[in-house]
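Shown below: run_10.cif, with mmCIF, C-alpha atoms.
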```cif
data_coords
#
loop_
_atom_site.group_PDB
_atom_site.id
_atom_site.type_symbol
_atom_site.label_atom_id
_atom_site.label_comp_id
_atom_site.auth_asym_id
_atom_site.auth_seq_id
_atom_site.Cartn_x
_atom_site.Cartn_y
_atom_site.Cartn_z
ATOM 1 C CA MET A 10 -9.399 13.411 4.083
ATOM 2 C CA LEU A 11 -7.116 11.093 6.057
ATOM 3 C CA LYS A 12 -8.106 10.456 9.649
ATOM 4 C CA LEU A 13 -5.797 8.917 12.197
ATOM 5 C CA THR A 14 -5.467 8.892 15.945
ATOM 6 C CA TYR A 15 -2.973 11.100 17.699
ATOM 7 C CA SER A 16 -1.034 8.051 18.909
ATOM 8 C CA ASP A 17 -0.731 6.668 15.361
ATOM 9 C CA TYR A 18 0.337 10.102 14.116
ATOM 10 C CA VAL A 19 3.023 10.225 16.808
ATOM 11 C CA ALA A 20 4.091 6.653 15.997
ATOM 12 C CA VAL A 21 4.499 7.398 12.274
ATOM 13 C CA ARG A 22 6.674 10.407 13.053
ATOM 14 C CA ALA A 23 8.671 8.524 15.703
ATOM 15 C CA HIS A 24 9.429 5.798 13.134
ATOM 16 C CA GLY A 25 10.886 8.475 10.862
ATOM 17 C CA GLU A 26 13.086 9.782 13.671
ATOM 18 C CA GLN A 27 14.263 6.305 14.669
ATOM 19 C CA SER A 28 15.165 5.423 11.083
ATOM 20 C CA TYR A 29 16.988 8.686 10.402
ATOM 21 C CA PRO A 30 19.143 9.233 8.339
ATOM 22 C CA GLN A 31 17.449 6.423 6.438
ATOM 23 C CA GLU A 32 13.905 6.407 5.148
ATOM 24 C CA CYS A 33 11.302 4.549 7.160
ATOM 25 C CA CYS A 34 8.177 3.047 5.671
ATOM 26 C CA GLY A 35 4.980 1.398 6.785
ATOM 27 C CA ILE A 36 1.434 0.402 5.990
ATOM 28 C CA LEU A 37 -1.809 2.050 7.101
ATOM 29 C CA LEU A 38 -4.647 -0.351 7.844
ATOM 30 C CA GLY A 39 -8.150 0.969 8.223
ATOM 31 C CA LYS A 40 -11.399 1.623 6.433
ATOM 32 C CA VAL A 41 -12.366 3.535 3.347
ATOM 33 C CA GLU A 42 -15.296 5.692 4.407
ATOM 34 C CA SER A 43 -17.412 8.216 2.566
ATOM 35 C CA ASP A 44 -15.344 11.154 3.813
ATOM 36 C CA GLY A 45 -11.949 9.534 3.382
ATOM 37 C CA ASN A 46 -9.468 6.956 4.601
ATOM 38 C CA VAL A 47 -9.656 6.189 8.304
ATOM 39 C CA VAL A 48 -6.545 4.611 9.834
ATOM 40 C CA ARG A 49 -7.086 2.060 12.583
ATOM 41 C CA GLU A 50 -3.592 0.636 12.817
ATOM 42 C CA ILE A 51 -0.136 1.335 11.511
ATOM 43 C CA VAL A 52 2.186 -1.505 10.567
ATOM 44 C CA ARG A 53 5.899 -0.795 10.473
ATOM 45 C CA ALA A 54 7.644 -2.267 7.454
ATOM 46 C CA GLY A 55 11.268 -2.844 6.679
ATOM 47 C CA ASN A 56 12.929 -0.759 3.975
ATOM 48 C CA THR A 57 14.410 -3.240 1.516
ATOM 49 C CA ARG A 58 16.351 -0.514 -0.331
ATOM 50 C CA THR A 59 19.446 -1.004 1.790
ATOM 51 C CA ASP A 60 21.523 0.066 -1.220
ATOM 52 C CA SER A 61 20.181 3.631 -0.986
ATOM 53 C CA ALA A 62 18.051 3.789 2.144
ATOM 54 C CA HIS A 63 18.710 7.489 2.767
ATOM 55 C CA ASN A 64 16.581 8.480 -0.230
ATOM 56 C CA ARG A 65 14.691 5.377 -1.375
ATOM 57 C CA TYR A 66 12.216 2.976 0.156
ATOM 58 C CA HIS A 67 10.572 -0.240 -0.918
ATOM 59 C CA ILE A 68 8.252 -2.492 1.057
ATOM 60 C CA ALA A 69 8.616 -6.208 0.368
ATOM 61 C CA PRO A 70 5.423 -7.617 -1.199
ATOM 62 C CA GLU A 71 5.532 -10.372 1.425
ATOM 63 C CA GLU A 72 5.014 -7.721 4.114
ATOM 64 C CA LEU A 73 2.101 -6.260 2.173
ATOM 65 C CA ILE A 74 0.503 -9.690 1.849
ATOM 66 C CA ARG A 75 0.918 -10.319 5.568
ATOM 67 C CA ALA A 76 -0.629 -6.927 6.384
ATOM 68 C CA GLN A 77 -3.468 -7.490 3.924
ATOM 69 C CA ARG A 78 -4.142 -10.939 5.401
ATOM 70 C CA GLU A 79 -4.051 -9.647 8.960
ATOM 71 C CA GLY A 80 -6.269 -6.731 7.998
ATOM 72 C CA ARG A 81 -8.799 -8.987 6.315
ATOM 73 C CA ARG A 82 -8.980 -11.134 9.425
ATOM 74 C CA ARG A 83 -9.934 -8.035 11.405
ATOM 75 C CA GLY A 84 -12.161 -6.356 8.838
ATOM 76 C CA LEU A 85 -9.542 -3.770 7.844
ATOM 77 C CA ASP A 86 -8.070 -2.836 4.479
ATOM 78 C CA ILE A 87 -4.805 -1.311 3.347
ATOM 79 C CA VAL A 88 -5.790 2.371 3.054
ATOM 80 C CA GLY A 89 -2.364 3.910 2.703
ATOM 81 C CA PHE A 90 1.354 3.933 3.319
ATOM 82 C CA TYR A 91 3.847 6.182 5.019
ATOM 83 C CA HIS A 92 7.491 6.954 4.570
ATOM 84 C CA SER A 93 9.963 9.615 5.632
ATOM 85 C CA HIS A 94 12.115 12.089 3.751
ATOM 86 C CA PRO A 95 15.329 12.569 5.742
ATOM 87 C CA ASP A 96 16.473 16.191 5.373
ATOM 88 C CA HIS A 97 14.074 16.716 2.497
ATOM 89 C CA PRO A 98 10.627 18.389 2.289
ATOM 90 C CA ALA A 99 7.403 16.489 3.050
ATOM 91 C CA GLN A 100 6.408 16.691 -0.590
ATOM 92 C CA TRP A 101 6.018 13.843 -3.038
ATOM 93 C CA SER A 102 8.857 13.440 -5.485
ATOM 94 C CA GLN A 103 8.856 12.235 -9.069
ATOM 95 C CA THR A 104 10.082 8.856 -7.787
ATOM 96 C CA ASP A 105 7.211 8.732 -5.287
ATOM 97 C CA PHE A 106 4.785 9.449 -8.096
ATOM 98 C CA ASP A 107 6.269 6.999 -10.584
ATOM 99 C CA GLU A 108 6.218 4.242 -7.968
ATOM 100 C CA ALA A 109 2.704 4.977 -6.663
ATOM 101 C CA HIS A 110 0.169 2.416 -7.865
ATOM 102 C CA TRP A 111 -2.392 2.135 -5.085
ATOM 103 C CA VAL A 112 -5.135 4.438 -6.387
ATOM 104 C CA GLY A 113 -7.469 5.551 -3.608
ATOM 105 C CA CYS A 114 -4.778 5.134 -0.973
ATOM 106 C CA SER A 115 -3.121 7.845 1.126
ATOM 107 C CA TYR A 116 0.620 8.360 0.869
ATOM 108 C CA VAL A 117 1.887 10.015 4.042
ATOM 109 C CA ILE A 118 5.303 11.678 4.009
ATOM 110 C CA THR A 119 7.126 13.047 7.050
ATOM 111 C CA ALA A 120 10.107 15.329 6.634
ATOM 112 C CA VAL A 121 12.761 14.496 9.221
ATOM 113 C CA VAL A 122 15.184 17.367 9.676
ATOM 114 C CA ALA A 123 18.437 16.647 11.486
ATOM 115 C CA GLY A 124 16.791 13.672 13.171
ATOM 116 C CA LYS A 125 13.602 15.443 14.290
ATOM 117 C CA ALA A 126 10.226 14.911 12.665
ATOM 118 C CA ASN A 127 9.123 18.111 11.005
ATOM 119 C CA ILE A 128 6.111 18.459 8.698
ATOM 120 C CA THR A 129 3.855 15.483 7.931
ATOM 121 C CA ASN A 130 1.734 15.660 4.784
ATOM 122 C CA SER A 131 -0.628 13.269 3.090
ATOM 123 C CA PHE A 132 -1.313 12.839 -0.609
ATOM 124 C CA LEU A 133 -4.217 10.903 -2.058
ATOM 125 C CA LEU A 134 -3.489 8.954 -5.229
ATOM 126 C CA THR A 135 -6.442 9.436 -7.554
ATOM 127 C CA GLY A 136 -7.311 8.394 -11.085
ATOM 128 C CA SER A 137 -8.367 5.191 -12.747
ATOM 129 C CA ASN A 138 -5.148 3.899 -14.264
ATOM 130 C CA GLU A 139 -1.420 4.523 -14.652
ATOM 131 C CA GLU A 140 -1.982 7.012 -17.434
ATOM 132 C CA ASP A 141 -4.284 9.429 -15.585
ATOM 133 C CA LYS A 142 -3.192 8.977 -11.969
ATOM 134 C CA LYS A 143 -2.291 12.009 -9.884
ATOM 135 C CA PHE A 144 -1.509 12.978 -6.318
ATOM 136 C CA LEU A 145 -3.861 15.384 -4.552
ATOM 137 C CA ASP A 146 -2.991 17.221 -1.350
ATOM 138 C CA GLU A 147 -5.048 15.515 1.330
ATOM 139 C CA PRO A 148 -6.197 17.138 4.580
ATOM 140 C CA VAL A 149 -5.200 15.162 7.687
ATOM 141 C CA GLU A 150 -7.527 14.988 10.668
ATOM 142 C CA ILE A 151 -5.957 13.823 13.904
ATOM 143 C CA GLU A 152 -8.331 12.333 16.448
ATOM 144 C CA VAL A 153 -7.255 13.213 19.959
ATOM 145 C CA SER A 154 -8.775 11.155 22.755
ATOM 146 C CA ASN A 155 -9.463 12.625 26.176
ATOM 147 C CA ALA A 156 -6.689 10.506 27.681
ATOM 148 C CA GLU A 157 -4.184 11.835 25.173
ATOM 149 C CA THR A 158 -5.283 15.410 25.790
ATOM 150 C CA THR A 159 -4.755 14.917 29.519
ATOM 151 C CA GLN A 160 -1.369 13.334 28.933
ATOM 152 C CA GLU A 161 -0.296 16.185 26.672
ATOM 153 C CA ARG A 162 -1.329 18.784 29.231
ATOM 154 C CA GLY A 163 0.481 16.849 31.924
ATOM 155 C CA GLU A 164 3.659 16.929 29.906
ATOM 156 C CA GLN A 165 3.659 20.701 29.530
ATOM 157 C CA MET B 20 -9.161 -20.880 -6.348
ATOM 158 C CA ASN B 21 -9.435 -17.578 -4.514
ATOM 159 C CA ILE B 22 -7.822 -14.398 -5.774
ATOM 160 C CA ASN B 23 -7.248 -11.562 -3.306
ATOM 161 C CA ILE B 24 -7.936 -8.181 -4.845
ATOM 162 C CA PRO B 25 -5.965 -5.202 -3.477
ATOM 163 C CA THR B 26 -7.817 -2.037 -2.432
ATOM 164 C CA PRO B 27 -7.166 -0.033 -5.645
ATOM 165 C CA LEU B 28 -8.517 -2.755 -7.941
ATOM 166 C CA ARG B 29 -11.741 -3.421 -6.080
ATOM 167 C CA ALA B 30 -13.393 -0.652 -8.086
ATOM 168 C CA TYR B 31 -13.291 -3.160 -10.947
ATOM 169 C CA THR B 32 -14.584 -6.185 -9.016
ATOM 170 C CA GLY B 33 -17.721 -4.575 -7.649
ATOM 171 C CA GLY B 34 -15.965 -4.033 -4.320
ATOM 172 C CA GLU B 35 -15.138 -7.732 -3.860
ATOM 173 C CA GLN B 36 -12.018 -8.354 -1.748
ATOM 174 C CA THR B 37 -11.742 -11.974 -2.774
ATOM 175 C CA VAL B 38 -12.934 -13.506 -6.017
ATOM 176 C CA SER B 39 -13.399 -17.237 -6.556
ATOM 177 C CA VAL B 40 -12.450 -18.393 -10.038
ATOM 178 C CA PRO B 41 -12.051 -21.716 -11.849
ATOM 179 C CA GLY B 42 -8.767 -22.723 -13.453
ATOM 180 C CA ALA B 43 -6.131 -25.439 -13.313
ATOM 181 C CA THR B 44 -3.162 -23.053 -13.447
ATOM 182 C CA VAL B 45 -2.324 -19.527 -12.283
ATOM 183 C CA GLY B 46 -2.698 -18.319 -15.882
ATOM 184 C CA GLU B 47 -6.109 -19.920 -16.307
ATOM 185 C CA ALA B 48 -7.298 -18.424 -13.022
ATOM 186 C CA LEU B 49 -6.133 -14.968 -14.134
ATOM 187 C CA GLU B 50 -7.851 -15.447 -17.474
ATOM 188 C CA ALA B 51 -11.065 -16.337 -15.640
ATOM 189 C CA LEU B 52 -10.656 -13.265 -13.428
ATOM 190 C CA THR B 53 -10.180 -10.818 -16.297
ATOM 191 C CA GLY B 54 -12.955 -12.586 -18.217
ATOM 192 C CA ALA B 55 -15.349 -11.929 -15.341
ATOM 193 C CA TYR B 56 -14.032 -8.416 -14.715
ATOM 194 C CA PRO B 57 -12.701 -7.105 -18.065
ATOM 195 C CA GLU B 58 -11.769 -3.678 -16.698
ATOM 196 C CA LEU B 59 -9.079 -5.327 -14.585
ATOM 197 C CA ARG B 60 -7.145 -6.291 -17.691
ATOM 198 C CA GLN B 61 -5.686 -2.866 -18.471
ATOM 199 C CA ASN B 62 -4.676 -2.443 -14.839
ATOM 200 C CA LEU B 63 -2.840 -5.752 -14.746
ATOM 201 C CA TYR B 64 -1.433 -5.992 -18.266
ATOM 202 C CA SER B 65 0.295 -3.584 -20.638
ATOM 203 C CA ALA B 66 -1.056 -2.924 -24.134
ATOM 204 C CA GLU B 67 1.305 -5.687 -25.311
ATOM 205 C CA GLY B 68 -0.373 -8.121 -22.941
ATOM 206 C CA LYS B 69 2.546 -8.376 -20.516
ATOM 207 C CA LEU B 70 1.979 -8.290 -16.781
ATOM 208 C CA ARG B 71 2.793 -4.755 -15.663
ATOM 209 C CA SER B 72 6.175 -4.568 -13.960
ATOM 210 C CA PHE B 73 4.778 -3.159 -10.718
ATOM 211 C CA VAL B 74 2.173 -5.896 -10.318
ATOM 212 C CA ASN B 75 3.304 -8.730 -8.049
ATOM 213 C CA LEU B 76 1.475 -12.042 -8.093
ATOM 214 C CA TYR B 77 1.889 -14.360 -5.144
ATOM 215 C CA LEU B 78 0.602 -17.923 -5.088
ATOM 216 C CA ASN B 79 0.095 -18.398 -1.368
ATOM 217 C CA ASP B 80 3.501 -17.103 -0.150
ATOM 218 C CA ASP B 81 5.464 -17.534 -3.380
ATOM 219 C CA ASP B 82 6.224 -14.916 -6.010
ATOM 220 C CA ILE B 83 5.151 -16.545 -9.273
ATOM 221 C CA ARG B 84 8.137 -14.966 -11.073
ATOM 222 C CA TYR B 85 10.325 -17.380 -9.126
ATOM 223 C CA LEU B 86 8.186 -20.475 -9.507
ATOM 224 C CA PRO B 87 9.685 -22.818 -12.131
ATOM 225 C CA GLN B 88 6.465 -22.960 -14.159
ATOM 226 C CA LYS B 89 5.506 -19.338 -13.505
ATOM 227 C CA GLU B 90 1.927 -18.722 -14.763
ATOM 228 C CA ALA B 91 1.660 -22.353 -15.853
ATOM 229 C CA THR B 92 1.972 -23.430 -12.199
ATOM 230 C CA PRO B 93 -0.877 -25.797 -11.305
ATOM 231 C CA VAL B 94 -3.265 -24.589 -8.606
ATOM 232 C CA GLU B 95 -5.577 -26.333 -6.162
ATOM 233 C CA GLU B 96 -9.022 -25.181 -5.201
ATOM 234 C CA ASN B 97 -7.906 -23.934 -1.778
ATOM 235 C CA ASP B 98 -4.854 -22.041 -3.088
ATOM 236 C CA GLU B 99 -4.746 -18.292 -2.682
ATOM 237 C CA LEU B 100 -3.466 -15.907 -5.323
ATOM 238 C CA SER B 101 -2.674 -12.360 -4.183
ATOM 239 C CA ILE B 102 -2.358 -9.409 -6.529
ATOM 240 C CA ILE B 103 -0.045 -6.911 -4.865
ATOM 241 C CA PRO B 104 1.017 -3.691 -6.621
ATOM 242 C CA SER B 105 4.465 -2.610 -5.475
ATOM 243 C CA ILE B 106 5.141 0.081 -2.894
ATOM 244 C CA ALA B 107 8.260 2.159 -3.293
ATOM 245 C CA GLY B 108 9.490 5.716 -3.616
ATOM 246 C CA GLY B 109 11.902 8.219 -2.207
ATOM 247 C CA TYR B 110 13.325 11.482 -3.420
#
```

Represent the structure contained in this file as structure tokens.
Amino acid sequence: MLKLTYSDYVAVRAHGEQSYPQECCGILLGKVESDGNVVREIVRAGNTRTDSAHNRYHIAPEELIRAQREGRRRGLDIVGFYHSHPDHPAQWSQTDFDEAHWVGCSYVITAVVAGKANITNSFLLTGSNEEDKKFLDEPVEIEVSNAETTQERGEQ
Amino acid sequence: MNINIPTPLRAYTGGEQTVSVPGATVGEALEALTGAYPELRQNLYSAEGKLRSFVNLYLNDDDIRYLPQKEATPVEENDELSIIPSIAGGY
């Protein structure tokens, strides 16, 4: 189970729309709890794959170190990552799998269709090493605060 | 020196985020780390003993691949070594 607030969920999807037609990417800081990864903050990252940014992403290790350092200072861990698939399903690809090395972390993918965020899915990387790792479909629970509920109703 | 352990490898360090190890160089510190936590070895190194290609090692803010002495780089007690698996993908 991946838990995140409604505002973080919206922010992840908005990043995908803003980066379209290129892939966006970012880091999920939070806590590993007994029932899953709980996101407390999202950190936007730059996509260093400028050579093929429409279908590839890579986060500079320096950004990961900064996020890890900042998280540690605040009692948070890296619990996952997100990226977008412009005009492509919200399903992990062979490249996503080959390049996934953070076992126990959530990999969130948002399909962005013609510039609009479509489906967002999460996949939990499980296993104990490179040889037996696998992605599992991961339920996503979105925490909606009262203020956000009110705002949403007001917008309708 | 202190070695920062990323989330996926903490299963092999008893949950420790940061491990303090002795050693005069990056290589010696890593040797001390895998000596204390042997299960880390297969996650960091290939069967041939080479650092896995997706594992980044940063001494403070420097990628050790680009340091002139690489793993033989001397370290001080208050230096920080970060193990950072890469993050990439796409379709």

Practice task
Could you please tell me, as a ChimeraX atom specification, which residues of chain B have an atom within 7 Å of chain A when using all atoms listed in the file?
Solution key: /B:26-27,62,103-110

Serialized selection, C-alpha atoms, as a PDB file, in the frame of the given file:
```
ATOM      1  CA  THR B  26      -7.817  -2.037  -2.432  1.00  0.00           C
ATOM      2  CA  PRO B  27      -7.166  -0.033  -5.645  1.00  0.00           C
ATOM      3  CA  ASN B  62      -4.676  -2.443 -14.839  1.00  0.00           C
ATOM      4  CA  ILE B 103      -0.045  -6.911  -4.865  1.00  0.00           C
ATOM      5  CA  PRO B 104       1.017  -3.691  -6.621  1.00  0.00           C
ATOM      6  CA  SER B 105       4.465  -2.610  -5.475  1.00  0.00           C
ATOM      7  CA  ILE B 106       5.141   0.081  -2.894  1.00  0.00           C
ATOM      8  CA  ALA B 107       8.260   2.159  -3.293  1.00  0.00           C
ATOM      9  CA  GLY B 108       9.490   5.716  -3.616  1.00  0.00           C
ATOM     10  CA  GLY B 109      11.902   8.219  -2.207  1.00  0.00           C
ATOM     11  CA  TYR B 110      13.325  11.482  -3.420  1.00  0.00           C
TER      12      TYR B 110
END
```

Practice task
Enumerate, as number ranges by chain, the residues matched when the PyMOL selection byres ((chain B and resi 74-91) around 6) is run on the file above.
Solution key: B: 44-46, 71-73, 92, 99-104

Expected axis-aligned box over every listed atom of range 24-42 of chain A, 4 Å added per side, centre plus edges in Å to one decimal, as JSON:
```
{"center_x": 1.9, "center_y": 4.7, "center_z": 9.0, "size_x": 42.4, "size_y": 18.1, "size_z": 19.3}
```

Fill in the blank from the handout: re CA of Glu96 in chain B and CA of Met20 in chain B: distance 4.5 Å

Practice task
Could you tell me which residues the PyMOL selection byres ((chain A and resi 130) around 7) returns for this structure, as JSON, numbers by chain?
Solution key: {"A": [99, 117, 118, 119, 128, 129, 131, 132]}

Handout entry: Residue among B:Glu47, B:Tyr31, B:Asn21, B:Val40 lying closest to Gln61 in chain B, counting only C-alpha atoms
Key =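 Nearest candidate to Gln61 in chain B out of B:Glu47, B:Tyr31, B:Asn21, B:Val40: B:Tyr31.
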
Handout entry: CA of Ala76 in chain A to CA of Ala55 in chain B, distance in Å rounded to a single decimal
Key =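 Interatomic distance here is 26.7 Å.
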
Practice task
Skip Tyr56 in chain B itself and residues of its chain fewer than 6 positions away, then list as a PyMOL selection string all residues within 10 Å of it, counting all atoms listed in the file.
Solution key: chain B and resi 31-33+50

Handout entry: Polymer residues at most 7 Å from range 125-127 of chain A, only C-alpha atoms, same-chain spacing of 6 or more positions, as number ranges by chain
Key = A: 22, 25-26, 119

Practice task
Rank nothing, just name the residue among A:Leu11, A:Gly45, A:Ser16, A:Gln31 nearest to Val153 in chain A, using only C-alpha atoms.
Solution key: A:Ser16

Exercise for the section: May I ask for the distance between CA of Arg60 in chain B and CA of Gly34 in chain B, given in Å to one decimal place? Expected result: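 Distance between the two atoms: 16.2 Å.
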
Please supply range 80-109 of chain A, rebuilt with N, CA and C atoms, as an mmCIF file, in the frame of the given file.
```cif
data_model
loop_
_atom_site.group_PDB
_atom_site.id
_atom_site.type_symbol
_atom_site.label_atom_id
_atom_site.label_comp_id
_atom_site.auth_asym_id
_atom_site.auth_seq_id
_atom_site.Cartn_x
_atom_site.Cartn_y
_atom_site.Cartn_z
ATOM 1 N N GLY A 80 -5.187 -7.704 8.065
ATOM 2 C CA GLY A 80 -6.269 -6.731 7.998
ATOM 3 C C GLY A 80 -7.603 -7.394 7.691
ATOM 4 N N ARG A 81 -7.559 -8.320 6.720
ATOM 5 C CA ARG A 81 -8.799 -8.987 6.315
ATOM 6 C C ARG A 81 -9.417 -9.748 7.483
ATOM 7 N N ARG A 82 -8.526 -10.368 8.260
ATOM 8 C CA ARG A 82 -8.980 -11.134 9.425
ATOM 9 C C ARG A 82 -9.738 -10.230 10.411
ATOM 10 N N ARG A 83 -9.338 -8.958 10.431
ATOM 11 C CA ARG A 83 -9.934 -8.035 11.405
ATOM 12 C C ARG A 83 -10.875 -7.019 10.770
ATOM 13 N N GLY A 84 -11.219 -7.254 9.504
ATOM 14 C CA GLY A 84 -12.161 -6.356 8.838
ATOM 15 C C GLY A 84 -11.544 -5.028 8.423
ATOM 16 N N LEU A 85 -10.214 -5.010 8.247
ATOM 17 C CA LEU A 85 -9.542 -3.770 7.844
ATOM 18 C C LEU A 85 -8.896 -3.949 6.469
ATOM 19 N N ASP A 86 -8.703 -2.838 5.790
ATOM 20 C CA ASP A 86 -8.070 -2.836 4.479
ATOM 21 C C ASP A 86 -6.775 -2.038 4.534
ATOM 22 N N ILE A 87 -5.940 -2.223 3.513
ATOM 23 C CA ILE A 87 -4.805 -1.311 3.347
ATOM 24 C C ILE A 87 -5.371 -0.010 2.773
ATOM 25 N N VAL A 88 -5.245 1.086 3.535
ATOM 26 C CA VAL A 88 -5.790 2.371 3.054
ATOM 27 C C VAL A 88 -4.682 3.371 2.749
ATOM 28 N N GLY A 89 -3.448 2.988 3.018
ATOM 29 C CA GLY A 89 -2.364 3.910 2.703
ATOM 30 C C GLY A 89 -1.022 3.402 3.175
ATOM 31 N N PHE A 90 -0.037 4.268 2.998
ATOM 32 C CA PHE A 90 1.354 3.933 3.319
ATOM 33 C C PHE A 90 2.008 5.191 3.864
ATOM 34 N N TYR A 91 3.089 5.004 4.594
ATOM 35 C CA TYR A 91 3.847 6.182 5.019
ATOM 36 C C TYR A 91 5.328 5.934 4.784
ATOM 37 N N HIS A 92 6.039 7.027 4.594
ATOM 38 C CA HIS A 92 7.491 6.954 4.570
ATOM 39 C C HIS A 92 8.044 8.305 4.966
ATOM 40 N N SER A 93 9.349 8.357 5.196
ATOM 41 C CA SER A 93 9.963 9.615 5.632
ATOM 42 C C SER A 93 10.900 10.136 4.554
ATOM 43 N N HIS A 94 11.123 11.443 4.608
ATOM 44 C CA HIS A 94 12.115 12.089 3.751
ATOM 45 C C HIS A 94 13.174 12.701 4.665
ATOM 46 N N PRO A 95 14.279 12.002 4.879
ATOM 47 C CA PRO A 95 15.329 12.569 5.742
ATOM 48 C C PRO A 95 15.947 13.814 5.103
ATOM 49 N N ASP A 96 15.908 14.917 5.826
ATOM 50 C CA ASP A 96 16.473 16.191 5.373
ATOM 51 C C ASP A 96 15.980 16.583 3.982
ATOM 52 N N HIS A 97 14.692 16.405 3.790
ATOM 53 C CA HIS A 97 14.074 16.716 2.497
ATOM 54 C C HIS A 97 12.602 17.060 2.792
ATOM 55 N N PRO A 98 12.004 17.967 1.991
ATOM 56 C CA PRO A 98 10.627 18.389 2.289
ATOM 57 C C PRO A 98 9.601 17.247 2.273
ATOM 58 N N ALA A 99 8.499 17.477 2.977
ATOM 59 C CA ALA A 99 7.403 16.489 3.050
ATOM 60 C C ALA A 99 6.498 16.639 1.834
ATOM 61 N N GLN A 100 7.097 16.509 0.681
ATOM 62 C CA GLN A 100 6.408 16.691 -0.590
ATOM 63 C C GLN A 100 6.725 15.484 -1.462
ATOM 64 N N TRP A 101 5.733 15.012 -2.191
ATOM 65 C CA TRP A 101 6.018 13.843 -3.038
ATOM 66 C C TRP A 101 7.014 14.205 -4.125
ATOM 67 N N SER A 102 7.828 13.246 -4.463
ATOM 68 C CA SER A 102 8.857 13.440 -5.485
ATOM 69 C C SER A 102 8.417 12.725 -6.763
ATOM 70 N N GLN A 103 9.165 12.933 -7.812
ATOM 71 C CA GLN A 103 8.856 12.235 -9.069
ATOM 72 C C GLN A 103 8.954 10.720 -8.871
ATOM 73 N N THR A 104 9.945 10.297 -8.063
ATOM 74 C CA THR A 104 10.082 8.856 -7.787
ATOM 75 C C THR A 104 8.858 8.352 -7.036
ATOM 76 N N ASP A 105 8.416 9.136 -6.025
ATOM 77 C CA ASP A 105 7.211 8.732 -5.287
ATOM 78 C C ASP A 105 6.034 8.555 -6.235
ATOM 79 N N PHE A 106 5.916 9.491 -7.163
ATOM 80 C CA PHE A 106 4.785 9.449 -8.096
ATOM 81 C C PHE A 106 4.902 8.258 -9.054
ATOM 82 N N ASP A 107 6.077 8.103 -9.619
ATOM 83 C CA ASP A 107 6.269 6.999 -10.584
ATOM 84 C C ASP A 107 5.993 5.648 -9.939
ATOM 85 N N GLU A 108 6.337 5.536 -8.662
ATOM 86 C CA GLU A 108 6.218 4.242 -7.968
ATOM 87 C C GLU A 108 4.890 4.079 -7.232
ATOM 88 N N ALA A 109 3.993 5.053 -7.369
ATOM 89 C CA ALA A 109 2.704 4.977 -6.663
ATOM 90 C C ALA A 109 1.671 4.284 -7.558
#
```
